[in-house]
Amino acid sequence: MKIKTFQDILPLVERPSRYLGTEINSIKKDTDKVRLKVALAFPDLYEIGTSHFGLQILYHILNKHKEIAAERVYAPDVDMESYLRSSHMPLVSMESHKPLKSFDIIGFSLLYELNYTNILTMLDLSGIPFFSSERDGLFPLIIAGGPCTCNPEPVADFFDAMVVGDGEEVVMDMARAWLSWKENAYPDKETLLRELYKITGVYIPALSDCKKVTRAIIGDLNQATFPDSPIIPFARPIHDRLRLEVARGCTRGCRFCQAGMIYRPVRERSPETLLALTEKALAATGYDEISLLSLSTGDYTSLSTLMEGLMGRCDSRHIAVSLPSLRAGTLTPQLMKLIKRVRKTGFTIAPEAGSQRLRDVINKNISEKEIFETVSNAFSLGWQTIKLYFMTGLPTETDDDLQAIVALVKELRKIKGPKGHRENINVSVTTLIPKPHTPFQWFPQLTLEKSRENLDWLKQELKMPGIHFKWQNPEVGIVEGVFARGGRQLSRLLVDAYKRGCKFDGWSDRFQYRLWEESFSRQGVDLNLYTKSPWNIMDSLPWDHVDTGVTKEFLAAERDRALNGDCTPDCRRGDCNGCGVCDFEKIEPKIYEACEDKSNVDSVKELSQKDAVVPDTKEADYKKVKVFYSKQNHAKYFGHLELANIFLRALRRSGIPVKYSEGFHPMPRISFHDPLPIGMESMNEFLYLTVPGNLKPETITILLNKHLPEGLLVKDCQISCSRPDIKQQKSATYLVKLKEGCFDKQKLNDFIKSSDFVQTRVNRKGKVKKIDFKDMILKINLTESRTMMIKLRSEPGRTARPLEIIKGIFNLSEETIKQATIVKQ
Ligand code: SF4
């Protein structure tokens, strides 16, 4: 079977919808009519990359400019990669499916060191040389941004420019510089690089006289661009909800936390801004869950006011609000009750250390009493599971500190829920990686052996009913530590590991430490240098040229305070600890104290009640409607759950007030016909909805069609008087067309003459069963040599799938049958 186009590969891979690029709110411009084409590249799978908020911000900013087209590209999964390689096709962007090499700028998001090998996969598949020195001005400019650029050196050789800090303003400055270079100096690459270096936040690794870089900082987050029409991913993204960035930066000062140092100072969005953004974004997405995003959402100054405002709007619309990052002590019972009003979301707290002594060393600033109170409140309010995060390998850790983790978890397990029984505790433990730009940057990382020993001991001690123990693979931690703390010489190690087959190293089922060990040995990498030995305070560190704003003197002082067990307070309310990042003109902590400014609170309440949709409909006024729709072209790649989500969100965006069930977890009254297998088209699918009686069926058709993605079309909508006849179809007719070649007439005749047609079917558990399908095939004939019509009986508990029948009769290969077009009539 020949693969000629990217479209030919889609039916052959798992989850093809992750490569379609037709999601709601994706932007498709005519790339021949713009002056600058930017590919925003994420070196991990679609499901991870679509959940990254930063990429959505940049996509939004760049596409607002009419002369710029920004598209996305994610790391292809191994099956896609293999088909691209075997068919000599390049990696393409999501929106236009154009090769990456045809873009002017490719910008990688660096969020995690264990994604680095995937960068090489993506460049390799695009025919782009890895090293910046091997690319002239005719190649796309390869740039990077994201938290990992605070130590850019391990991957610096691959990039032409790297952005340190907030990207909102830098990205447009870089775009303007590129446009001007294209007009005046193209293709002299050095001229462009020198222009880019003038932008605050840009680092140019290749220019020896451009070594220093100062972090770019957005002073006022409230004025910063927010993607109020974010792309709604297909497939199963890890964050399938509206993400509302309430604040950037955290000044709690946890001494292990890199994000807490490199995103300083705290900059909040005001509750009014957030409520207005929420309204726009809910209308543009149809999400039914909002997640308040920040490094420590419990610290958001006006959290109660914001939550009240959100609940005012969300309660009646069955929209849940979740707080992903919490501190014990910040989540009051009042807040928990607010969260519970719509739907309970996950509950996680991070004591990080078991003993108060070690929590003081890391400046966690929470007491055992606060941990107990928070967990007790959570259980008494109905949470049945809580997650606890801990670390091992913290500076000064002793066996007593590990025992304190066990003791704390066991004590928390004794707390009973409202029904008098004990609830569940999920414990997650990772090994500390002393990251750059933190007070712990000079400390060593635990050796692999010690890390394994500690984790094994904790696992053993916490083996008991109601406690579920999870840990990060310590070998993963070693590779992460090397690339977090290493220098420029690591680029050769990365290429070597990539060539040995390392990819998706952040996925425990794909990580191969043996290959990394081979590369360490081959490249002469001394692990002691990066992980085991402590660094002297006077040593120069590989990331010293990156100025995040937080001074080395402050970090050193914090290191000393850690060793003394002294705590440093949060500075968000004005008690400056002198970390160095603020100039107190443009850059300073920015918080919104709701209670001090009464007008703020009032305007938030007003806004929260103004447009709230409360369907004024009594039980008797609802009616059931049957919606007929077709599912064609790319929509055939939607799985059943994906399809249900697509319809639910289209209903929300269109403002059709579907009735909800009663009870603890209300669900919209919508029911689908039997799911179609992925890859099958249909001209005649249907679903049932319960909607207000005064809503005309024609209106539903028009509204839904405005909000469905390509390939889904509502053809009709009728009031349904009878009970749903979902299982009542007796037969179904399909047209099957081969992509290449013809159906063999002789094989069809042999089948017609045969008395039985026994096929082997393997179920999900691997159980093999032989089934005679002969009486299930009501009609079969060739309409043209390449098109087959087949009518199959359908009865409860017994189904024949058209593709398995056709495959069996004509003895077709798996690939041929996957590439066939099959349309249910
Ligand atoms: S300079 Fe002072 S106020 Fe600003 S983040 Fe640092 S410690 Fe806080």
# chains A, B, ... in the order shown; residues from 1 in each chain; ligands from 1
$ residues_around --residues "Ile105 of chain A" --least-positions-apart "4" --cutoff "10 Å" --atoms "only C-alpha atoms" --output "list of chain:residue names"
A:Leu36, A:Lys37, A:Val38, A:Ala39, A:Leu40, A:Ala70, A:Leu100, A:Lys101, A:Phe139, A:Pro140, A:Leu141, A:Ile142, A:Ile143, A:Met174, A:Ala175, A:Trp178
$ write_last_selection --atoms "all heavy atoms" --output "short mmCIF file (atom, residue, chain, number, x, y, z; two decimals), in the first residue's frame"
data_model
loop_
_atom_site.label_atom_id
_atom_site.label_comp_id
_atom_site.auth_asym_id
_atom_site.auth_seq_id
_atom_site.Cartn_x
_atom_site.Cartn_y
_atom_site.Cartn_z
N LEU A 36 4.97 36.41 7.34
CA LEU A 36 5.76 35.63 8.31
C LEU A 36 4.96 34.42 8.77
O LEU A 36 3.83 34.54 9.23
CB LEU A 36 6.11 36.53 9.52
CG LEU A 36 6.74 35.84 10.74
CD1 LEU A 36 8.03 35.13 10.38
CD2 LEU A 36 7.00 36.86 11.85
N LYS A 37 5.59 33.25 8.61
CA LYS A 37 4.93 32.00 9.04
C LYS A 37 5.71 31.45 10.25
O LYS A 37 6.90 31.18 10.15
CB LYS A 37 4.95 30.97 7.92
CG LYS A 37 4.22 31.43 6.66
CD LYS A 37 4.10 30.32 5.65
CE LYS A 37 5.39 29.99 4.96
NZ LYS A 37 5.85 30.96 3.96
N VAL A 38 5.00 31.28 11.34
CA VAL A 38 5.63 30.79 12.57
C VAL A 38 5.01 29.44 12.94
O VAL A 38 3.78 29.31 12.98
CB VAL A 38 5.41 31.77 13.75
CG1 VAL A 38 6.11 31.27 15.01
CG2 VAL A 38 5.91 33.17 13.40
N ALA A 39 5.86 28.45 13.20
CA ALA A 39 5.36 27.16 13.72
C ALA A 39 5.67 27.12 15.21
O ALA A 39 6.83 27.24 15.62
CB ALA A 39 6.04 26.01 13.01
N LEU A 40 4.63 27.02 16.03
CA LEU A 40 4.81 26.89 17.47
C LEU A 40 4.90 25.39 17.78
O LEU A 40 3.93 24.65 17.60
CB LEU A 40 3.65 27.55 18.22
CG LEU A 40 3.54 29.06 17.99
CD1 LEU A 40 2.24 29.61 18.56
CD2 LEU A 40 4.73 29.80 18.61
N ALA A 70 0.42 31.91 12.59
CA ALA A 70 1.04 31.01 13.56
C ALA A 70 0.28 29.69 13.52
O ALA A 70 -0.95 29.67 13.60
CB ALA A 70 1.01 31.61 14.96
N LEU A 100 7.39 21.61 8.09
CA LEU A 100 7.98 22.56 9.05
C LEU A 100 9.07 23.40 8.41
O LEU A 100 9.26 24.57 8.74
CB LEU A 100 8.56 21.78 10.23
CG LEU A 100 7.96 22.10 11.59
CD1 LEU A 100 6.47 21.96 11.54
CD2 LEU A 100 8.57 21.23 12.66
N LYS A 101 9.78 22.78 7.49
CA LYS A 101 10.90 23.49 6.84
C LYS A 101 10.41 24.70 6.05
O LYS A 101 11.19 25.60 5.75
CB LYS A 101 11.61 22.50 5.92
CG LYS A 101 13.07 22.77 5.72
CD LYS A 101 13.64 21.62 4.91
CE LYS A 101 15.06 21.87 4.50
NZ LYS A 101 15.60 20.73 3.77
N PHE A 139 17.46 28.58 6.15
CA PHE A 139 16.67 27.66 6.99
C PHE A 139 15.75 28.46 7.90
O PHE A 139 16.02 29.65 8.16
CB PHE A 139 17.61 26.81 7.86
CG PHE A 139 18.18 25.62 7.15
CD1 PHE A 139 19.47 25.65 6.66
CD2 PHE A 139 17.42 24.47 6.98
CE1 PHE A 139 20.00 24.55 5.99
CE2 PHE A 139 17.94 23.37 6.31
CZ PHE A 139 19.23 23.40 5.82
N PRO A 140 14.69 27.85 8.39
CA PRO A 140 13.87 28.56 9.39
C PRO A 140 14.74 28.94 10.60
O PRO A 140 15.69 28.23 10.93
CB PRO A 140 12.81 27.54 9.80
CG PRO A 140 12.85 26.46 8.79
CD PRO A 140 14.20 26.48 8.15
N LEU A 141 14.39 30.05 11.22
CA LEU A 141 15.05 30.44 12.46
C LEU A 141 14.49 29.54 13.56
O LEU A 141 13.27 29.46 13.75
CB LEU A 141 14.71 31.91 12.76
CG LEU A 141 15.44 32.52 13.93
CD1 LEU A 141 16.86 32.92 13.53
CD2 LEU A 141 14.68 33.75 14.45
N ILE A 142 15.37 28.84 14.28
CA ILE A 142 14.90 27.91 15.32
C ILE A 142 15.10 28.58 16.68
O ILE A 142 16.24 28.87 17.08
CB ILE A 142 15.66 26.56 15.27
CG1 ILE A 142 15.72 26.00 13.85
CG2 ILE A 142 15.02 25.56 16.23
CD1 ILE A 142 14.41 25.57 13.26
N ILE A 143 14.00 28.81 17.38
CA ILE A 143 14.08 29.51 18.66
C ILE A 143 13.41 28.67 19.77
O ILE A 143 12.73 27.68 19.46
CB ILE A 143 13.44 30.93 18.58
CG1 ILE A 143 11.94 30.84 18.31
CG2 ILE A 143 14.12 31.76 17.51
CD1 ILE A 143 11.23 32.20 18.38
N MET A 174 10.36 40.05 18.29
CA MET A 174 11.16 39.16 17.43
C MET A 174 10.54 39.07 16.04
O MET A 174 11.26 39.06 15.03
CB MET A 174 11.27 37.77 18.05
CG MET A 174 12.11 37.74 19.31
SD MET A 174 12.24 36.10 20.03
CE MET A 174 13.63 35.42 19.11
N ALA A 175 9.23 39.01 15.99
CA ALA A 175 8.55 38.94 14.69
C ALA A 175 8.84 40.20 13.87
O ALA A 175 9.14 40.12 12.67
CB ALA A 175 7.04 38.78 14.90
N TRP A 178 12.35 40.11 12.57
CA TRP A 178 12.49 39.17 11.45
C TRP A 178 11.94 39.80 10.16
O TRP A 178 12.58 39.70 9.10
CB TRP A 178 11.72 37.86 11.75
CG TRP A 178 12.00 36.80 10.72
CD1 TRP A 178 12.95 35.84 10.79
CD2 TRP A 178 11.34 36.64 9.45
NE1 TRP A 178 12.94 35.08 9.65
CE2 TRP A 178 11.95 35.55 8.81
CE3 TRP A 178 10.31 37.29 8.80
CZ2 TRP A 178 11.56 35.10 7.55
CZ3 TRP A 178 9.92 36.86 7.54
CH2 TRP A 178 10.54 35.78 6.92
#
$ residues_near_ligand --ligand "ligand 1" --cutoff "8 Å" --atoms "only C-alpha atoms and all ligand atoms" --output "list in words"
Thr251, Arg264, Pro265, Val266, Val550, Asp570, Cys571, Arg572, Gly574, Asp575, Cys576, Asn577, Gly578, Cys579, Gly580, Val581, Cys582, Asp583, Phe584, Ile587, Glu588 and Pro589 of chain A
$ write_last_selection --atoms "C-alpha atoms" --output "PDB file, in the first residue's frame"
ATOM      1  CA  THR A 251       6.756  34.714  46.542  1.00  0.00           C
ATOM      2  CA  ARG A 264       8.889  36.551  40.567  1.00  0.00           C
ATOM      3  CA  PRO A 265       7.277  38.859  41.557  1.00  0.00           C
ATOM      4  CA  VAL A 266       3.647  37.903  42.143  1.00  0.00           C
ATOM      5  CA  VAL A 550      16.853  37.258  41.569  1.00  0.00           C
ATOM      6  CA  ASP A 570       6.153  35.993  51.759  1.00  0.00           C
ATOM      7  CA  CYS A 571       6.744  39.459  50.321  1.00  0.00           C
ATOM      8  CA  ARG A 572       3.537  39.908  48.338  1.00  0.00           C
ATOM      9  CA  GLY A 574       5.141  44.725  50.696  1.00  0.00           C
ATOM     10  CA  ASP A 575       7.745  43.369  53.155  1.00  0.00           C
ATOM     11  CA  CYS A 576      10.538  43.087  50.631  1.00  0.00           C
ATOM     12  CA  ASN A 577      13.144  40.405  51.323  1.00  0.00           C
ATOM     13  CA  GLY A 578      15.520  41.934  48.794  1.00  0.00           C
ATOM     14  CA  CYS A 579      15.600  39.176  46.168  1.00  0.00           C
ATOM     15  CA  GLY A 580      16.447  41.822  43.580  1.00  0.00           C
ATOM     16  CA  VAL A 581      13.778  41.317  40.953  1.00  0.00           C
ATOM     17  CA  CYS A 582      11.640  44.421  41.579  1.00  0.00           C
ATOM     18  CA  ASP A 583      12.533  47.956  40.513  1.00  0.00           C
ATOM     19  CA  PHE A 584       9.361  49.221  42.263  1.00  0.00           C
ATOM     20  CA  ILE A 587       8.159  45.645  38.341  1.00  0.00           C
ATOM     21  CA  GLU A 588       6.741  45.004  41.802  1.00  0.00           C
ATOM     22  CA  PRO A 589       4.265  42.645  43.472  1.00  0.00           C
TER      23      PRO A 589
END
$ atom_distance --atom1 "atom CA of Arg649 of chain A" --atom2 "atom CA of Cys717 of chain A"
18.0 Å
$ residues_around --residues "Ile646 of chain A" --least-positions-apart "5" --cutoff "12 Å" --atoms "only C-alpha atoms" --output "PyMOL selection string"
chain A and resi 23-24+232-236+240+285-287+635+638-641+651-653+704-705+707-712
$ closest_residue --among "A:Arg135, A:Arg357, A:Lys791, A:Arg241" --to "Asn645 of chain A" --atoms "only C-alpha atoms"
A:Arg241
$ closest_residue --among "A:Tyr197, A:Phe108, A:Tyr116, A:Tyr19" --to "Leu91 of chain A" --atoms "only C-alpha atoms"
A:Tyr19
$ residues_around --residues "segment 669-679 of chain A" --least-positions-apart "5" --cutoff "7 Å" --atoms "only C-alpha atoms" --output "list of chain:residue names"
A:Pro11, A:Lys636, A:Tyr637, A:Phe638, A:Gly639, A:His640, A:Val658, A:Lys659, A:Tyr660, A:Ser661, A:Glu685, A:Phe686, A:Leu687, A:Tyr688, A:Leu689, A:Thr690, A:Ile726
$ write_last_selection --atoms "N, CA and C atoms" --output "PDB file, in the first residue's frame"
ATOM      1  N   PRO A  11      -5.621   7.289   8.568  1.00  0.00           N
ATOM      2  CA  PRO A  11      -6.408   6.119   8.999  1.00  0.00           C
ATOM      3  C   PRO A  11      -5.563   5.012   9.606  1.00  0.00           C
ATOM      4  N   LYS A 636     -14.811  11.490  10.757  1.00  0.00           N
ATOM      5  CA  LYS A 636     -14.837  10.037  10.961  1.00  0.00           C
ATOM      6  C   LYS A 636     -13.783   9.604  11.990  1.00  0.00           C
ATOM      7  N   TYR A 637     -12.809  10.467  12.245  1.00  0.00           N
ATOM      8  CA  TYR A 637     -11.751  10.103  13.196  1.00  0.00           C
ATOM      9  C   TYR A 637     -12.126  10.390  14.649  1.00  0.00           C
ATOM     10  N   PHE A 638     -13.289  10.946  14.891  1.00  0.00           N
ATOM     11  CA  PHE A 638     -13.688  11.207  16.273  1.00  0.00           C
ATOM     12  C   PHE A 638     -14.191   9.922  16.918  1.00  0.00           C
ATOM     13  N   GLY A 639     -13.619   9.576  18.075  1.00  0.00           N
ATOM     14  CA  GLY A 639     -14.142   8.454  18.842  1.00  0.00           C
ATOM     15  C   GLY A 639     -15.454   8.878  19.496  1.00  0.00           C
ATOM     16  N   HIS A 640     -16.131   7.931  20.107  1.00  0.00           N
ATOM     17  CA  HIS A 640     -17.464   8.235  20.626  1.00  0.00           C
ATOM     18  C   HIS A 640     -17.431   9.283  21.749  1.00  0.00           C
ATOM     19  N   VAL A 658     -29.873  22.744  27.426  1.00  0.00           N
ATOM     20  CA  VAL A 658     -30.257  21.330  27.575  1.00  0.00           C
ATOM     21  C   VAL A 658     -30.616  21.068  29.037  1.00  0.00           C
ATOM     22  N   LYS A 659     -31.626  20.239  29.254  1.00  0.00           N
ATOM     23  CA  LYS A 659     -32.037  19.907  30.633  1.00  0.00           C
ATOM     24  C   LYS A 659     -30.975  19.015  31.289  1.00  0.00           C
ATOM     25  N   TYR A 660     -30.790  19.212  32.579  1.00  0.00           N
ATOM     26  CA  TYR A 660     -29.851  18.383  33.337  1.00  0.00           C
ATOM     27  C   TYR A 660     -30.605  17.414  34.235  1.00  0.00           C
ATOM     28  N   SER A 661     -29.966  16.275  34.503  1.00  0.00           N
ATOM     29  CA  SER A 661     -30.560  15.321  35.440  1.00  0.00           C
ATOM     30  C   SER A 661     -30.468  15.895  36.856  1.00  0.00           C
ATOM     31  N   GLU A 685     -26.765   9.567  11.350  1.00  0.00           N
ATOM     32  CA  GLU A 685     -26.667   9.294  12.788  1.00  0.00           C
ATOM     33  C   GLU A 685     -27.712  10.130  13.516  1.00  0.00           C
ATOM     34  N   PHE A 686     -27.977   9.770  14.739  1.00  0.00           N
ATOM     35  CA  PHE A 686     -28.905  10.609  15.495  1.00  0.00           C
ATOM     36  C   PHE A 686     -28.615  10.577  16.996  1.00  0.00           C
ATOM     37  N   LEU A 687     -29.124  11.597  17.657  1.00  0.00           N
ATOM     38  CA  LEU A 687     -29.026  11.676  19.116  1.00  0.00           C
ATOM     39  C   LEU A 687     -30.311  12.311  19.637  1.00  0.00           C
ATOM     40  N   TYR A 688     -30.526  12.163  20.939  1.00  0.00           N
ATOM     41  CA  TYR A 688     -31.710  12.759  21.569  1.00  0.00           C
ATOM     42  C   TYR A 688     -31.282  13.825  22.565  1.00  0.00           C
ATOM     43  N   LEU A 689     -32.052  14.899  22.594  1.00  0.00           N
ATOM     44  CA  LEU A 689     -31.803  15.992  23.537  1.00  0.00           C
ATOM     45  C   LEU A 689     -33.090  16.320  24.265  1.00  0.00           C
ATOM     46  N   THR A 690     -32.979  16.770  25.506  1.00  0.00           N
ATOM     47  CA  THR A 690     -34.154  17.303  26.186  1.00  0.00           C
ATOM     48  C   THR A 690     -33.950  18.807  26.343  1.00  0.00           C
ATOM     49  N   ILE A 726     -33.098   3.852  20.320  1.00  0.00           N
ATOM     50  CA  ILE A 726     -31.663   3.729  20.074  1.00  0.00           C
ATOM     51  C   ILE A 726     -31.231   2.316  19.695  1.00  0.00           C
TER      52      ILE A 726
END
$ residues_around --residues "segment 150-163 of chain A" --least-positions-apart "5" --cutoff "6 Å" --atoms "only C-alpha atoms" --output "ChimeraX atom specification"
/A:130-132,142-145,201-205,486-488,490-491,543
$ closest_residue --among "A:Tyr46, A:Tyr513, A:Phe372, A:Phe773" --to "Tyr74 of chain A" --atoms "only C-alpha atoms"
A:Tyr46
$ residues_around --residues "Ser304 of chain A" --least-positions-apart "3" --cutoff "7 Å" --atoms "only C-alpha atoms" --output "PyMOL selection string"
chain A and resi 307-308+335
$ write_last_selection --atoms "all heavy atoms" --output "tab-separated table (two decimals), in the first residue's frame"
chain	number	residue	atom	x	y	z
A	307	MET	N	-14.21	33.48	43.58
A	307	MET	CA	-15.00	32.25	43.59
A	307	MET	C	-16.49	32.56	43.70
A	307	MET	O	-17.32	31.94	43.02
A	307	MET	CB	-14.57	31.35	44.76
A	307	MET	CG	-13.22	30.73	44.59
A	307	MET	SD	-13.17	29.50	43.29
A	307	MET	CE	-13.94	28.13	44.10
A	308	GLU	N	-16.85	33.52	44.56
A	308	GLU	CA	-18.26	33.93	44.68
A	308	GLU	C	-18.77	34.39	43.32
A	308	GLU	O	-19.86	34.03	42.88
A	308	GLU	CB	-18.41	35.08	45.68
A	308	GLU	CG	-18.18	34.71	47.12
A	308	GLU	CD	-19.42	34.14	47.79
A	308	GLU	OE1	-20.44	33.98	47.08
A	308	GLU	OE2	-19.36	33.86	48.99
A	335	LEU	N	-14.21	28.31	51.35
A	335	LEU	CA	-13.82	28.11	49.95
A	335	LEU	C	-14.16	26.70	49.48
A	335	LEU	O	-14.65	26.50	48.38
A	335	LEU	CB	-12.31	28.31	49.81
A	335	LEU	CG	-11.85	29.71	49.41
A	335	LEU	CD1	-10.34	29.78	49.42
A	335	LEU	CD2	-12.38	30.07	48.04
$ atom_distance --atom1 "atom CA of Phe6 of chain A" --atom2 "atom CA of Gly741 of chain A"
19.9 Å
$ closest_atom_pairs --of "segment 487-555 of chain A" --to "segment 121-124 of chain A" --cutoff "12 Å" --atoms "only C-alpha atoms" --output "CSV"
residue,atom,partner,partner_atom,distance
A:Leu494,CA,A:Thr121,CA,11.3
A:Val495,CA,A:Thr121,CA,10.0
A:Ala497,CA,A:Thr121,CA,11.4
A:Tyr498,CA,A:Thr121,CA,7.8
A:Lys499,CA,A:Thr121,CA,9.6
A:Gly501,CA,A:Thr121,CA,10.0
A:Cys502,CA,A:Thr121,CA,9.6
A:Lys503,CA,A:Thr121,CA,7.8
A:Phe504,CA,A:Thr121,CA,9.9
$ write_last_selection --atoms "N, CA, C and O atoms" --output "mmCIF file, in the first residue's frame"
data_model
loop_
_atom_site.group_PDB
_atom_site.id
_atom_site.type_symbol
_atom_site.label_atom_id
_atom_site.label_comp_id
_atom_site.auth_asym_id
_atom_site.auth_seq_id
_atom_site.Cartn_x
_atom_site.Cartn_y
_atom_site.Cartn_z
ATOM 1 N N LEU A 494 23.096 14.530 24.010
ATOM 2 C CA LEU A 494 21.690 14.434 23.607
ATOM 3 C C LEU A 494 21.564 13.815 22.208
ATOM 4 O O LEU A 494 20.729 12.932 21.986
ATOM 5 N N VAL A 495 22.433 14.252 21.298
ATOM 6 C CA VAL A 495 22.390 13.699 19.939
ATOM 7 C C VAL A 495 22.707 12.207 19.987
ATOM 8 O O VAL A 495 22.039 11.390 19.336
ATOM 9 N N ALA A 497 22.249 10.112 22.501
ATOM 10 C CA ALA A 497 21.114 9.376 23.095
ATOM 11 C C ALA A 497 19.973 9.273 22.092
ATOM 12 O O ALA A 497 19.322 8.222 21.961
ATOM 13 N N TYR A 498 19.736 10.355 21.360
ATOM 14 C CA TYR A 498 18.669 10.345 20.343
ATOM 15 C C TYR A 498 18.963 9.264 19.288
ATOM 16 O O TYR A 498 18.080 8.485 18.925
ATOM 17 N N LYS A 499 20.228 9.218 18.848
ATOM 18 C CA LYS A 499 20.578 8.238 17.811
ATOM 19 C C LYS A 499 20.478 6.806 18.319
ATOM 20 O O LYS A 499 20.292 5.875 17.549
ATOM 21 N N GLY A 501 18.093 5.840 20.171
ATOM 22 C CA GLY A 501 16.663 5.504 20.231
ATOM 23 C C GLY A 501 15.903 6.157 21.370
ATOM 24 O O GLY A 501 14.730 5.829 21.603
ATOM 25 N N CYS A 502 16.538 7.085 22.108
ATOM 26 C CA CYS A 502 15.813 7.726 23.218
ATOM 27 C C CYS A 502 14.789 8.712 22.657
ATOM 28 O O CYS A 502 15.115 9.545 21.798
ATOM 29 N N LYS A 503 13.574 8.628 23.149
ATOM 30 C CA LYS A 503 12.516 9.573 22.791
ATOM 31 C C LYS A 503 11.422 9.457 23.844
ATOM 32 O O LYS A 503 11.346 8.452 24.550
ATOM 33 N N PHE A 504 10.616 10.466 23.955
ATOM 34 C CA PHE A 504 9.545 10.485 24.967
ATOM 35 C C PHE A 504 10.064 10.013 26.326
ATOM 36 O O PHE A 504 9.483 9.155 26.977
#
$ residues_around --residues "Asp744 of chain A" --least-positions-apart "5" --cutoff "12 Å" --atoms "only C-alpha atoms" --output "list in words"
Leu738, Asn749, Asp750, Phe751, Asn781, Leu782, Glu784, Ser785, Arg786, Thr787, Met788, Ile806, Lys807, Ile809, Phe810, Asn811 and Leu812 of chain A
$ write_last_selection --atoms "N, CA, C and O atoms" --output "short mmCIF file (atom, residue, chain, number, x, y, z; two decimals), in the first residue's frame"
data_model
loop_
_atom_site.label_atom_id
_atom_site.label_comp_id
_atom_site.auth_asym_id
_atom_site.auth_seq_id
_atom_site.Cartn_x
_atom_site.Cartn_y
_atom_site.Cartn_z
N LEU A 738 -12.57 0.90 -1.86
CA LEU A 738 -11.14 0.72 -1.64
C LEU A 738 -10.39 1.93 -2.15
O LEU A 738 -10.80 2.57 -3.13
N ASN A 749 -18.12 -14.25 -5.44
CA ASN A 749 -18.97 -15.38 -5.88
C ASN A 749 -18.77 -16.59 -4.96
O ASN A 749 -19.72 -17.27 -4.59
N ASP A 750 -17.51 -16.84 -4.60
CA ASP A 750 -17.22 -17.98 -3.70
C ASP A 750 -17.95 -17.79 -2.37
O ASP A 750 -18.51 -18.73 -1.82
N PHE A 751 -17.94 -16.56 -1.90
CA PHE A 751 -18.61 -16.28 -0.62
C PHE A 751 -20.11 -16.52 -0.76
O PHE A 751 -20.75 -17.14 0.11
N ASN A 781 -23.39 -6.69 -2.72
CA ASN A 781 -23.11 -6.66 -4.16
C ASN A 781 -22.16 -5.53 -4.53
O ASN A 781 -22.02 -4.55 -3.78
N LEU A 782 -21.53 -5.70 -5.67
CA LEU A 782 -20.60 -4.69 -6.17
C LEU A 782 -21.37 -3.65 -6.95
O LEU A 782 -22.08 -4.00 -7.90
N GLU A 784 -19.73 -0.76 -8.17
CA GLU A 784 -18.69 -0.56 -9.17
C GLU A 784 -17.59 -1.52 -8.74
O GLU A 784 -17.66 -2.07 -7.66
N SER A 785 -16.54 -1.65 -9.56
CA SER A 785 -15.51 -2.62 -9.18
C SER A 785 -14.83 -2.25 -7.87
O SER A 785 -14.31 -3.09 -7.16
N ARG A 786 -14.85 -0.93 -7.50
CA ARG A 786 -14.16 -0.53 -6.27
C ARG A 786 -15.12 -0.20 -5.13
O ARG A 786 -14.68 0.19 -4.06
N THR A 787 -16.42 -0.32 -5.40
CA THR A 787 -17.37 0.02 -4.33
C THR A 787 -18.28 -1.16 -4.04
O THR A 787 -18.87 -1.76 -4.94
N MET A 788 -18.38 -1.47 -2.78
CA MET A 788 -19.19 -2.61 -2.36
C MET A 788 -20.34 -2.10 -1.50
O MET A 788 -20.14 -1.25 -0.64
N ILE A 806 -15.79 -7.60 5.04
CA ILE A 806 -15.13 -7.33 3.76
C ILE A 806 -13.70 -7.88 3.77
O ILE A 806 -13.25 -8.51 2.82
N LYS A 807 -13.03 -7.66 4.90
CA LYS A 807 -11.64 -8.14 5.02
C LYS A 807 -11.58 -9.67 4.86
O LYS A 807 -10.72 -10.20 4.17
N ILE A 809 -13.92 -11.73 3.41
CA ILE A 809 -14.34 -12.22 2.09
C ILE A 809 -13.22 -12.03 1.06
O ILE A 809 -12.93 -12.92 0.27
N PHE A 810 -12.57 -10.88 1.10
CA PHE A 810 -11.61 -10.56 0.03
C PHE A 810 -10.15 -10.73 0.47
O PHE A 810 -9.25 -10.43 -0.30
N ASN A 811 -9.97 -11.20 1.69
CA ASN A 811 -8.63 -11.48 2.18
C ASN A 811 -7.71 -10.25 2.03
O ASN A 811 -6.66 -10.31 1.41
N LEU A 812 -8.17 -9.14 2.59
CA LEU A 812 -7.43 -7.88 2.45
C LEU A 812 -6.50 -7.65 3.64
O LEU A 812 -6.75 -8.15 4.74
#
$ select_by_dssp --residues "segment 722-768 of chain A" --states "strand (DSSP E or B)" --output "list in words"
Ser731, Ala732, Thr733, Tyr734, Leu735, Val736, Lys737, Val758, Gln759, Thr760, Arg761, Val762 and Val768 of chain A
$ closest_residue --among "A:Gly481, A:Gly420, A:Gly382, A:Pro474" --to "Gln445 of chain A" --atoms "only C-alpha atoms"
A:Gly481
$ atom_distance --atom1 "atom CA of Ser521 of chain A" --atom2 "atom CA of Pro444 of chain A"
20.7 Å
$ closest_residue --among "A:Gln523, A:Thr348, A:Asn184, A:Ser17" --to "Gln489 of chain A" --atoms "only C-alpha atoms"
A:Gln523
